[in-house]
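Participant: Structure: run_18.txt, compact mmCIF, C-alpha atoms.
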```txt
# COMPACT_ATOMS: atom_id res chain seq x y z
CA MET A 1 5.81 13.56 -8.75
CA SER A 2 4.37 13.49 -12.23
CA ASP A 3 3.01 10.20 -13.52
CA ALA A 4 5.69 10.06 -16.22
CA ALA A 5 9.09 9.08 -14.89
CA PRO A 6 11.46 12.08 -15.13
CA LEU A 7 14.11 10.01 -16.87
CA GLU A 8 12.03 9.49 -19.97
CA ALA A 9 13.04 12.86 -21.39
CA ALA A 10 16.74 12.42 -20.67
CA PRO A 11 19.33 11.46 -23.30
CA GLY A 12 21.68 8.49 -22.96
CA ARG A 13 19.13 6.37 -21.12
CA ASP A 14 21.12 3.17 -21.64
CA ASN A 15 23.96 4.66 -19.57
CA LEU A 16 21.77 5.65 -16.62
CA ALA A 17 21.43 2.35 -14.76
CA GLY A 18 22.70 3.88 -11.52
CA LEU A 19 20.28 6.77 -11.73
CA GLU A 20 17.40 4.45 -12.59
CA ALA A 21 18.17 2.39 -9.48
CA VAL A 22 18.25 5.51 -7.30
CA TYR A 23 14.98 6.71 -8.81
CA ARG A 24 13.22 3.42 -8.09
CA ARG A 25 14.68 3.03 -4.60
CA ASP A 26 14.85 6.59 -3.32
CA GLY A 27 12.64 8.79 -5.49
CA ARG A 28 9.89 9.02 -2.89
CA ARG A 29 12.43 9.80 -0.16
CA VAL A 30 13.89 12.64 -2.19
CA PHE A 31 10.39 13.97 -2.83
CA ALA A 32 9.40 13.83 0.87
CA THR A 33 12.47 15.83 1.91
CA LEU A 34 11.85 18.40 -0.83
CA VAL A 35 8.28 18.78 0.46
CA ARG A 36 9.66 19.66 3.89
CA LEU A 37 12.24 22.06 2.52
CA LEU A 38 9.94 23.79 0.04
CA GLY A 39 6.64 23.54 1.89
CA SER A 40 4.68 22.69 -1.24
CA LEU A 41 3.72 19.42 -2.88
CA ASP A 42 3.56 20.98 -6.34
CA LEU A 43 6.88 22.80 -6.00
CA ALA A 44 8.51 19.62 -4.64
CA GLU A 45 7.25 17.63 -7.65
CA GLU A 46 8.80 20.14 -10.05
CA ALA A 47 12.03 20.24 -8.03
CA GLU A 48 12.34 16.45 -7.97
CA HIS A 49 11.75 16.30 -11.70
CA ASP A 50 14.41 18.95 -12.32
CA ALA A 51 16.87 17.21 -9.97
CA PHE A 52 16.62 13.90 -11.81
CA LEU A 53 16.97 15.62 -15.17
CA ALA A 54 20.13 17.34 -13.90
CA ALA A 55 21.44 13.99 -12.67
CA ALA A 56 20.68 12.44 -16.07
CA GLU A 57 22.93 15.05 -17.65
CA GLN A 58 25.77 15.00 -15.10
CA TRP A 59 26.02 11.48 -13.68
CA PRO A 60 26.91 9.73 -16.95
CA ARG A 61 29.77 12.22 -17.31
CA ASP A 62 30.90 12.64 -13.69
CA GLY A 63 29.75 9.33 -12.15
CA VAL A 64 27.17 8.60 -9.48
CA PRO A 65 27.95 10.71 -6.37
CA ALA A 66 28.87 9.06 -3.10
CA ASN A 67 25.65 10.32 -1.54
CA PRO A 68 23.13 10.37 -4.42
CA VAL A 69 20.09 11.18 -2.27
CA ALA A 70 21.75 14.22 -0.72
CA TRP A 71 22.92 15.31 -4.20
CA LEU A 72 19.38 15.09 -5.57
CA VAL A 73 17.84 16.91 -2.60
CA SER A 74 20.36 19.75 -2.91
CA ALA A 75 19.95 19.91 -6.68
CA GLY A 76 16.17 19.99 -6.36
CA ARG A 77 16.35 22.75 -3.76
CA PHE A 78 18.56 24.92 -5.92
CA LYS A 79 16.45 24.28 -9.01
CA ALA A 80 13.34 25.36 -7.11
CA ILE A 81 15.00 28.55 -5.92
CA ASP A 82 16.17 29.31 -9.46
CA ARG A 83 12.63 28.73 -10.75
CA LEU A 84 11.19 31.12 -8.14
CA ARG A 85 13.79 33.77 -8.95
CA ARG A 86 12.85 33.60 -12.62
CA GLU A 87 9.17 33.89 -11.78
CA ALA A 88 9.89 36.87 -9.50
CA ARG A 89 10.82 38.91 -12.56
CA PHE A 90 7.20 38.87 -13.66
CA VAL A 91 5.38 39.18 -10.33
CA SER A 92 5.83 41.11 -7.11
CA GLY A 93 9.11 39.82 -5.81
CA GLU A 94 8.69 40.54 -2.11
CA ASP A 95 6.88 37.30 -1.26
CA HIS A 96 9.23 35.30 -3.47
CA ALA A 97 12.29 36.82 -1.84
CA GLU A 98 10.98 36.09 1.64
CA PHE A 99 10.20 32.51 0.70
CA ILE A 100 13.58 31.96 -0.97
CA GLU A 101 15.35 33.17 2.15
CA SER A 102 13.27 30.81 4.29
CA VAL A 103 14.17 27.64 2.37
CA PRO A 104 16.67 25.79 4.59
CA ASP A 105 19.85 24.25 3.26
CA PRO A 106 19.97 20.58 4.31
CA ALA A 107 23.63 20.12 3.49
CA PRO A 108 25.43 21.09 6.75
CA ASN A 109 25.62 18.20 9.20
CA TRP A 110 22.77 16.44 7.47
CA ASP A 111 22.10 12.95 8.76
CA GLU A 112 20.60 11.54 5.55
CA ARG A 113 18.99 8.41 6.95
CA GLU A 114 17.38 10.07 9.96
CA ALA A 115 16.18 13.12 8.02
CA ILE A 116 14.79 11.10 5.14
CA GLU A 117 12.82 8.70 7.32
CA ASP A 118 11.42 11.55 9.45
CA ASP A 119 10.38 13.33 6.26
CA ARG A 120 8.39 10.35 5.05
CA LEU A 121 6.46 10.24 8.31
CA ARG A 122 5.84 13.98 8.07
CA LEU A 123 4.44 13.55 4.60
CA ILE A 124 2.12 10.66 5.42
CA PHE A 125 0.70 12.48 8.45
CA THR A 126 0.14 15.55 6.30
CA CYS A 127 -1.68 13.46 3.70
CA CYS A 128 -3.83 12.00 6.49
CA HIS A 129 -4.80 15.30 8.12
CA PRO A 130 -8.22 15.13 9.83
CA SER A 131 -9.53 18.04 7.74
CA LEU A 132 -9.34 15.81 4.63
CA SER A 133 -11.85 13.11 3.79
CA GLU A 134 -10.74 9.51 4.14
CA GLU A 135 -10.95 9.04 0.36
CA ALA A 136 -8.73 12.07 -0.17
CA CYS A 137 -6.24 10.87 2.46
CA ILE A 138 -5.90 7.46 0.83
CA ALA A 139 -5.62 8.83 -2.70
CA LEU A 140 -3.11 11.50 -1.71
CA THR A 141 -0.92 9.07 0.23
CA LEU A 142 -0.87 6.52 -2.58
CA ARG A 143 0.01 9.30 -5.01
CA GLU A 144 2.51 11.39 -3.04
CA VAL A 145 4.05 9.00 -0.50
CA CYS A 146 4.09 5.83 -2.61
CA GLY A 147 4.31 7.25 -6.10
CA LEU A 148 1.41 5.36 -7.69
CA ALA A 149 0.17 6.81 -10.97
CA THR A 150 -3.23 8.44 -11.03
CA GLU A 151 -4.57 5.69 -13.30
CA GLU A 152 -3.44 2.96 -10.88
CA ILE A 153 -5.16 4.59 -7.93
CA ALA A 154 -8.32 5.22 -9.95
CA ARG A 155 -8.52 1.51 -10.79
CA ALA A 156 -8.24 0.64 -7.10
CA PHE A 157 -11.02 3.12 -6.27
CA LEU A 158 -13.17 1.96 -9.22
CA ILE A 159 -13.56 5.56 -10.40
CA PRO A 160 -12.51 7.41 -13.57
CA PRO A 161 -8.93 8.80 -13.53
CA SER A 162 -10.28 12.32 -14.08
CA THR A 163 -12.40 12.06 -10.91
CA LEU A 164 -9.42 10.78 -8.93
CA ALA A 165 -7.19 13.55 -10.29
CA GLN A 166 -9.70 16.20 -9.23
CA ARG A 167 -9.87 14.65 -5.76
CA ILE A 168 -6.09 14.87 -5.40
CA VAL A 169 -5.98 18.44 -6.71
CA ARG A 170 -8.63 19.51 -4.19
CA ALA A 171 -6.81 17.79 -1.33
CA LYS A 172 -3.52 19.48 -2.23
CA ALA A 173 -5.28 22.84 -2.51
CA LYS A 174 -6.79 22.37 0.94
CA ILE A 175 -3.38 21.59 2.42
CA ARG A 176 -1.98 24.71 0.77
CA ASP A 177 -4.85 27.08 1.57
CA ALA A 178 -5.29 25.88 5.15
CA ARG A 179 -1.51 26.06 5.65
CA ILE A 180 -1.47 22.53 7.06
CA PRO A 181 2.10 22.04 8.33
CA TYR A 182 4.35 19.27 7.04
CA GLU A 183 5.09 17.68 10.39
CA VAL A 184 4.49 14.69 12.61
CA PRO A 185 1.77 15.83 15.05
CA GLN A 186 2.42 16.32 18.73
CA PRO A 187 1.40 13.47 21.06
CA ASP A 188 -1.90 15.17 21.98
CA GLN A 189 -2.80 15.42 18.27
CA LEU A 190 -1.58 11.97 17.27
CA ALA A 191 -4.71 9.98 18.15
CA GLU A 192 -7.02 11.89 15.80
CA ARG A 193 -4.86 10.99 12.80
CA LEU A 194 -3.60 7.55 13.78
CA ASP A 195 -6.59 5.50 12.58
CA SER A 196 -6.44 7.11 9.15
CA VAL A 197 -2.66 6.59 8.91
CA LEU A 198 -2.98 2.92 9.88
CA ARG A 199 -5.74 2.37 7.32
CA VAL A 200 -3.75 4.02 4.55
CA ILE A 201 -0.59 2.05 5.32
CA TYR A 202 -2.58 -1.20 5.26
CA LEU A 203 -4.23 -0.28 1.97
CA VAL A 204 -0.80 0.38 0.49
CA PHE A 205 0.34 -3.01 1.75
CA ASN A 206 -2.73 -4.74 0.33
CA GLU A 207 -2.10 -3.25 -3.10
CA GLY A 208 1.43 -4.69 -2.91
CA TYR A 209 0.44 -8.06 -1.45
CA SER A 210 -2.41 -8.59 -3.91
CA ALA A 211 -2.53 -6.02 -6.69
CA SER A 212 -6.03 -4.82 -7.51
CA SER A 213 -5.37 -5.10 -11.24
CA GLY A 214 -2.64 -5.61 -13.79
CA GLU A 215 -0.42 -8.39 -15.06
CA HIS A 216 1.25 -9.32 -11.77
CA ALA A 217 -0.21 -10.70 -8.55
CA LEU A 218 2.37 -9.00 -6.32
CA ARG A 219 3.87 -5.53 -6.12
CA LEU A 220 6.58 -6.21 -3.60
CA ASP A 221 7.90 -2.64 -3.77
CA LEU A 222 4.62 -1.35 -2.32
CA ALA A 223 4.45 -4.10 0.30
CA ALA A 224 8.01 -3.32 1.43
CA GLU A 225 7.20 0.41 1.47
CA ALA A 226 4.21 -0.17 3.75
CA ILE A 227 6.30 -2.32 6.10
CA ARG A 228 8.98 0.40 6.27
CA LEU A 229 6.30 2.93 7.18
CA GLY A 230 4.97 0.46 9.76
CA TRP A 231 8.35 0.20 11.47
CA LEU A 232 8.66 4.00 11.52
CA LEU A 233 5.21 4.31 13.05
CA VAL A 234 5.95 1.70 15.72
CA ARG A 235 9.02 3.66 16.78
CA LEU A 236 6.92 6.82 16.97
CA CYS A 237 3.84 5.26 18.61
CA PRO A 238 4.27 1.69 19.95
CA ASP A 239 0.56 1.21 20.74
CA ALA A 240 -0.87 -2.30 20.59
CA GLU A 241 -2.83 -1.71 17.39
CA VAL A 242 0.18 -0.12 15.64
CA ARG A 243 2.23 -3.20 16.51
CA GLY A 244 -0.69 -5.37 15.45
CA LEU A 245 -0.73 -3.80 11.99
CA LEU A 246 3.01 -4.28 11.55
CA ALA A 247 2.71 -7.91 12.72
CA LEU A 248 -0.10 -8.49 10.22
CA MET A 249 1.97 -7.13 7.33
CA LEU A 250 5.07 -9.10 8.33
CA LEU A 251 3.13 -12.37 8.61
CA HIS A 252 1.55 -11.91 5.18
CA HIS A 253 4.80 -10.73 3.60
CA ALA A 254 6.65 -13.78 4.91
CA ARG A 255 4.62 -15.96 2.52
CA ARG A 256 5.42 -13.89 -0.60
CA ASP A 257 7.79 -16.38 -2.26
CA ALA A 258 5.26 -19.21 -2.07
CA ARG A 259 2.23 -17.24 -3.30
CA VAL A 260 3.21 -17.46 -6.97
CA ASP A 261 5.02 -20.15 -8.94
CA ALA A 262 7.98 -19.74 -11.29
CA ASP A 263 5.62 -18.51 -14.03
CA GLY A 264 4.01 -15.91 -11.80
CA GLU A 265 0.79 -17.90 -11.41
CA LEU A 266 -1.14 -17.80 -8.13
CA VAL A 267 -0.71 -20.68 -5.69
CA PRO A 268 -3.59 -21.02 -3.18
CA LEU A 269 -2.71 -21.18 0.50
CA GLU A 270 -3.44 -24.89 0.86
CA ALA A 271 -1.06 -25.72 -2.02
CA GLN A 272 1.83 -23.46 -0.98
CA ASP A 273 5.25 -24.91 -0.17
CA ARG A 274 5.55 -23.83 3.45
CA GLN A 275 9.30 -24.37 3.35
CA ARG A 276 9.45 -21.27 1.16
CA TRP A 277 7.87 -19.10 3.83
CA ASP A 278 10.33 -16.69 5.47
CA ALA A 279 10.83 -18.29 8.89
CA ALA A 280 12.63 -15.28 10.38
CA GLU A 281 9.93 -12.83 9.31
CA LEU A 282 7.24 -15.21 10.56
CA GLY A 283 8.99 -15.37 13.93
CA VAL A 284 9.08 -11.59 14.28
CA GLY A 285 5.46 -11.28 13.17
CA ARG A 286 4.21 -13.99 15.55
CA ALA A 287 6.05 -12.50 18.53
CA MET A 288 4.76 -9.01 17.73
CA ALA A 289 1.18 -10.28 17.26
CA LEU A 290 1.28 -12.12 20.58
CA ASP A 291 2.69 -9.04 22.31
CA ALA A 292 0.00 -6.83 20.77
CA VAL A 293 -2.93 -9.10 21.63
CA ARG A 294 -1.76 -9.18 25.26
CA GLY A 295 -1.66 -5.37 25.41
CA GLU A 296 -4.40 -2.86 26.06
CA GLY A 297 -6.20 -1.18 23.21
CA TYR A 298 -5.72 -3.81 20.53
CA GLY A 299 -8.24 -3.95 17.72
CA ALA A 300 -9.00 -5.31 14.27
CA TYR A 301 -5.43 -5.30 12.90
CA THR A 302 -4.15 -7.25 15.89
CA LEU A 303 -6.92 -9.85 15.56
CA GLN A 304 -6.21 -10.23 11.85
CA ALA A 305 -2.54 -10.73 12.73
CA ALA A 306 -3.54 -13.43 15.22
CA ILE A 307 -5.53 -15.21 12.49
CA VAL A 308 -2.58 -15.17 10.08
CA ALA A 309 -0.31 -16.34 12.92
CA VAL A 310 -2.53 -19.40 13.44
CA HIS A 311 -2.24 -20.18 9.71
CA SER A 312 1.54 -19.85 9.91
CA ASP A 313 1.75 -22.14 12.95
CA ALA A 314 0.36 -25.09 10.98
CA ALA A 315 3.02 -27.34 9.44
CA THR A 316 0.52 -28.41 6.77
CA ALA A 317 -2.75 -27.03 5.43
CA ALA A 318 -4.58 -30.04 6.92
CA GLY A 319 -3.16 -29.20 10.33
CA THR A 320 -4.70 -25.70 10.45
CA ASP A 321 -6.69 -24.98 13.61
CA TRP A 322 -9.90 -23.84 11.92
CA ALA A 323 -11.83 -23.83 15.18
CA LEU A 324 -9.46 -21.22 16.61
CA ILE A 325 -9.51 -19.20 13.39
CA THR A 326 -13.32 -19.22 13.31
CA GLY A 327 -13.40 -18.02 16.91
CA LEU A 328 -10.97 -15.21 16.13
CA TYR A 329 -13.14 -14.12 13.19
CA GLU A 330 -16.17 -14.05 15.49
CA ARG A 331 -14.20 -11.78 17.81
CA LEU A 332 -13.05 -9.68 14.84
CA LEU A 333 -16.67 -9.17 13.76
CA GLN A 334 -17.27 -7.41 17.09
CA PHE A 335 -14.56 -4.88 16.21
CA GLU A 336 -15.13 -4.63 12.47
CA PRO A 337 -18.47 -6.01 11.23
CA THR A 338 -17.66 -5.29 7.59
CA PRO A 339 -18.87 -7.31 4.58
CA VAL A 340 -15.40 -8.66 3.81
CA VAL A 341 -14.88 -9.84 7.39
CA ARG A 342 -18.29 -11.57 7.25
CA LEU A 343 -17.21 -13.30 4.03
CA ASN A 344 -13.91 -14.45 5.53
CA HIS A 345 -15.69 -15.70 8.63
CA ALA A 346 -18.06 -17.74 6.45
CA VAL A 347 -15.13 -19.33 4.62
CA ALA A 348 -13.43 -20.20 7.92
CA LEU A 349 -16.68 -21.68 9.22
CA ALA A 350 -16.91 -23.82 6.08
CA MET A 351 -13.41 -25.14 6.71
CA ARG A 352 -14.45 -26.09 10.24
CA ASP A 353 -17.99 -27.38 9.66
CA GLY A 354 -18.11 -28.26 5.95
CA PRO A 355 -19.01 -26.47 2.70
CA GLU A 356 -22.80 -26.53 3.21
CA ALA A 357 -22.41 -24.59 6.46
CA GLY A 358 -20.39 -21.98 4.62
CA LEU A 359 -22.83 -21.83 1.71
CA ALA A 360 -25.67 -21.01 4.09
CA LEU A 361 -23.84 -17.78 4.90
CA VAL A 362 -22.19 -16.99 1.56
CA THR A 363 -25.15 -17.55 -0.79
CA PRO A 364 -27.16 -14.54 0.48
CA MET A 365 -24.05 -12.36 0.04
CA LEU A 366 -24.17 -12.87 -3.74
CA THR A 367 -26.99 -10.33 -3.94
CA GLN A 368 -25.89 -8.00 -1.13
CA MET A 369 -23.96 -4.86 -2.01
CA PRO A 370 -21.03 -4.32 -2.05
CA LEU A 371 -20.23 -8.05 -1.92
CA ALA A 372 -22.36 -8.71 -4.99
CA THR A 373 -19.76 -6.93 -7.16
CA TYR A 374 -16.73 -8.30 -5.29
CA HIS A 375 -15.07 -11.04 -7.31
CA LEU A 376 -13.86 -12.95 -4.24
CA THR A 377 -17.45 -13.36 -3.00
CA HIS A 378 -18.31 -15.29 -6.14
CA ALA A 379 -14.97 -17.13 -6.08
CA ALA A 380 -15.62 -18.25 -2.49
CA HIS A 381 -19.15 -19.36 -3.40
CA ALA A 382 -17.83 -21.25 -6.42
CA ASP A 383 -15.19 -23.03 -4.36
CA LEU A 384 -17.70 -24.06 -1.70
CA CYS A 385 -20.08 -25.32 -4.41
CA ARG A 386 -17.23 -27.26 -6.00
CA ARG A 387 -16.38 -28.88 -2.66
CA ALA A 388 -20.07 -29.68 -2.11
CA GLY A 389 -20.41 -31.27 -5.55
CA ARG A 390 -22.74 -28.54 -6.82
CA VAL A 391 -20.95 -28.30 -10.16
CA THR A 392 -23.48 -26.23 -12.12
CA GLU A 393 -23.62 -23.56 -9.41
CA ALA A 394 -19.85 -23.63 -9.13
CA ARG A 395 -19.48 -22.95 -12.86
CA VAL A 396 -21.88 -19.99 -12.72
CA SER A 397 -20.05 -18.43 -9.78
CA TYR A 398 -16.59 -18.99 -11.28
CA GLU A 399 -17.79 -17.29 -14.47
CA ARG A 400 -19.14 -14.35 -12.47
CA ALA A 401 -15.90 -14.08 -10.48
CA LEU A 402 -13.92 -14.19 -13.73
CA ALA A 403 -16.01 -11.36 -15.18
CA LEU A 404 -15.34 -9.18 -12.12
CA ALA A 405 -11.63 -9.94 -11.54
CA ARG A 406 -9.17 -7.38 -12.91
CA GLN A 407 -5.83 -8.96 -11.97
CA ALA A 408 -4.43 -11.19 -14.72
CA PRO A 409 -3.06 -14.00 -12.46
CA GLU A 410 -6.38 -14.18 -10.59
CA ARG A 411 -8.26 -14.39 -13.88
CA ARG A 412 -6.03 -17.22 -15.07
CA PHE A 413 -6.49 -19.07 -11.75
CA LEU A 414 -10.27 -18.77 -12.02
CA GLN A 415 -10.16 -19.94 -15.62
CA ARG A 416 -8.16 -23.01 -14.56
CA ARG A 417 -10.83 -23.80 -11.96
CA LEU A 418 -13.49 -23.50 -14.64
CA ASP A 419 -11.53 -25.77 -16.96
CA GLU A 420 -11.20 -28.35 -14.20
CA LEU A 421 -14.98 -28.37 -13.83
CA ALA A 422 -15.56 -28.87 -17.56
CA GLY A 423 -15.46 -32.65 -17.26
CA ALA A 424 -16.91 -32.88 -13.77
CA ALA A 425 -20.38 -34.31 -13.25
CA PRO A 426 -22.80 -33.09 -10.61
CA ARG A 427 -22.87 -35.17 -7.46
CA ALA A 428 -25.93 -37.40 -7.26
```
When written as structure tokens, how does the structure in this file appear?
Facilitator:
Amino acid sequence: MSDAAPLEAAPGRDNLAGLEAVYRRDGRRVFATLVRLLGSLDLAEEAEHDAFLAAAEQWPRDGVPANPVAWLVSAGRFKAIDRLRREARFVSGEDHAEFIESVPDPAPNWDEREAIEDDRLRLIFTCCHPSLSEEACIALTLREVCGLATEEIARAFLIPPSTLAQRIVRAKAKIRDARIPYEVPQPDQLAERLDSVLRVIYLVFNEGYSASSGEHALRLDLAAEAIRLGWLLVRLCPDAEVRGLLALMLLHHARRDARVDADGELVPLEAQDRQRWDAAELGVGRAMALDAVRGEGYGAYTLQAAIVAVHSDAATAAGTDWALITGLYERLLQFEPTPVVRLNHAVALAMRDGPEAGLALVTPMLTQMPLATYHLTHAAHADLCRRAGRVTEARVSYERALALARQAPERRFLQRRLDELAGAAPRA
């Protein structure tokens, strides 16, 4: 789909509320099905665009159809065939004619819900094909499955939009030239793509749960999209680590309403109103995490889910079992000894043993790449210094974190911390 919403060129925009809602809710589903029918990401993008333009012309006059997704898929299919027929006048028509005849008609006996959901899995597995680099898989999935604009993805990757656009173009060309099929792989091929699919789904969730940049802390549409994909993947492959990832997302998502206040400002975990956590979602997430950690083959996602489950079990922040959380992080480091896990382990250790114990681990990270340019490293150091009474060091680290943060609510939170320190005196 193009970065510009297809409705922007349509007349009578004020009368298109129904179409706008369908576009926001189902645009990616329509696109995924068109990819299957047309066998081309580029052709599906053009077909989706044409379908929504046709709807913008007809729906205000005729009303929103009873089955808008099916209407849009059929309209996009016919628009694509018409486009190919026009092009066939100027090129050798044999290949075009063969392709046109091969495009299936989804209308007869089409189970919309089942077909649409299967199509989204097909598309994500295609975007995560083992012949593509991990960077390409992530970028392509965020672009084609989730509909993020090129600029948004580039900000998350910390690269220029032009570089990201070239990466996506090359990935799409490789899919086309290698004739990679748009399908969910067979069971014997599933394992080689599963790790990449899990990573991409979690990255999509993270961008929704804590946006990498912008004016809002949360992008709940992306978080919900990742959870939907997680449920689909569990039904396809109920392995322990797949269930662990879904549990992790559910447990985080259950706290969404308490993470920001009425003004959209961030509320730290210890200050959140736990009555606003979604008890039902927490229950499902806890049960799934426990089931996954008891199964064979669990890994980093399951352990992260267990850590969040321990947080959710505490009735108050003071009642959190930091000893258990620290132990789980030590186990997690055996699976995933990454810089961010080391940072989180240090913070948990500080909660168990005191800020100076945490500072002994966090302070060296301030000069270690990539943590040296990660705003949360400096924010964690600042908070530990604040708790230890090391006000001058806390100010320096809050200022560094503020300079690196790109999300507006996080920047305002860090600025509030700095303001609170303005009148504080160093501890003697």
Participant: Closest to Val197 in chain A among A:His129, A:Arg417, A:Arg85, A:His253, using all atoms listed in the file?
Facilitator: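 Checking each of A:His129, A:Arg417, A:Arg85, A:His253 against Val197 in chain A, counting all atoms listed in the file, the winner is A:His129.
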Participant: Could you work out an axis-aligned bounding box for all listed atoms of range 399-406 of chain A, with 8 Å added on each of the six sides, and give its centre and edge lengths in Å to one decimal, as JSON?
Facilitator:
```
{"center_x": -14.2, "center_y": -12.3, "center_z": -12.8, "size_x": 26.0, "size_y": 25.9, "size_z": 20.7}
```
Participant: Do a neighbour search on Leu222 in chain A at 8 Å with all atoms listed in the file, toss out local chain neighbours closer than 3 positions, and write the hits as a list of chain:residue names.
Facilitator: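 Result of the neighbour search: A:Cys146, A:Val204, A:Phe205, A:Glu207, A:Gly208, A:Tyr209, A:Arg219, A:Glu225, A:Ala226.
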Participant: With all atoms listed in the file as the basis for distance, which of A:Ala136, A:Val69, A:Leu121, A:Val35 is at the shortest distance from Tyr23 in chain A?
Facilitator: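 That would be A:Val69, the residue with the smallest distance to Tyr23 in chain A.
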Participant: What does the structure give for the distance between CA of Cys128 in chain A and CA of Arg193 in chain A, in Å to one decimal?
Facilitator: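 Atom-to-atom, CA of Cys128 in chain A and CA of Arg193 in chain A are spaced 6.5 Å apart.
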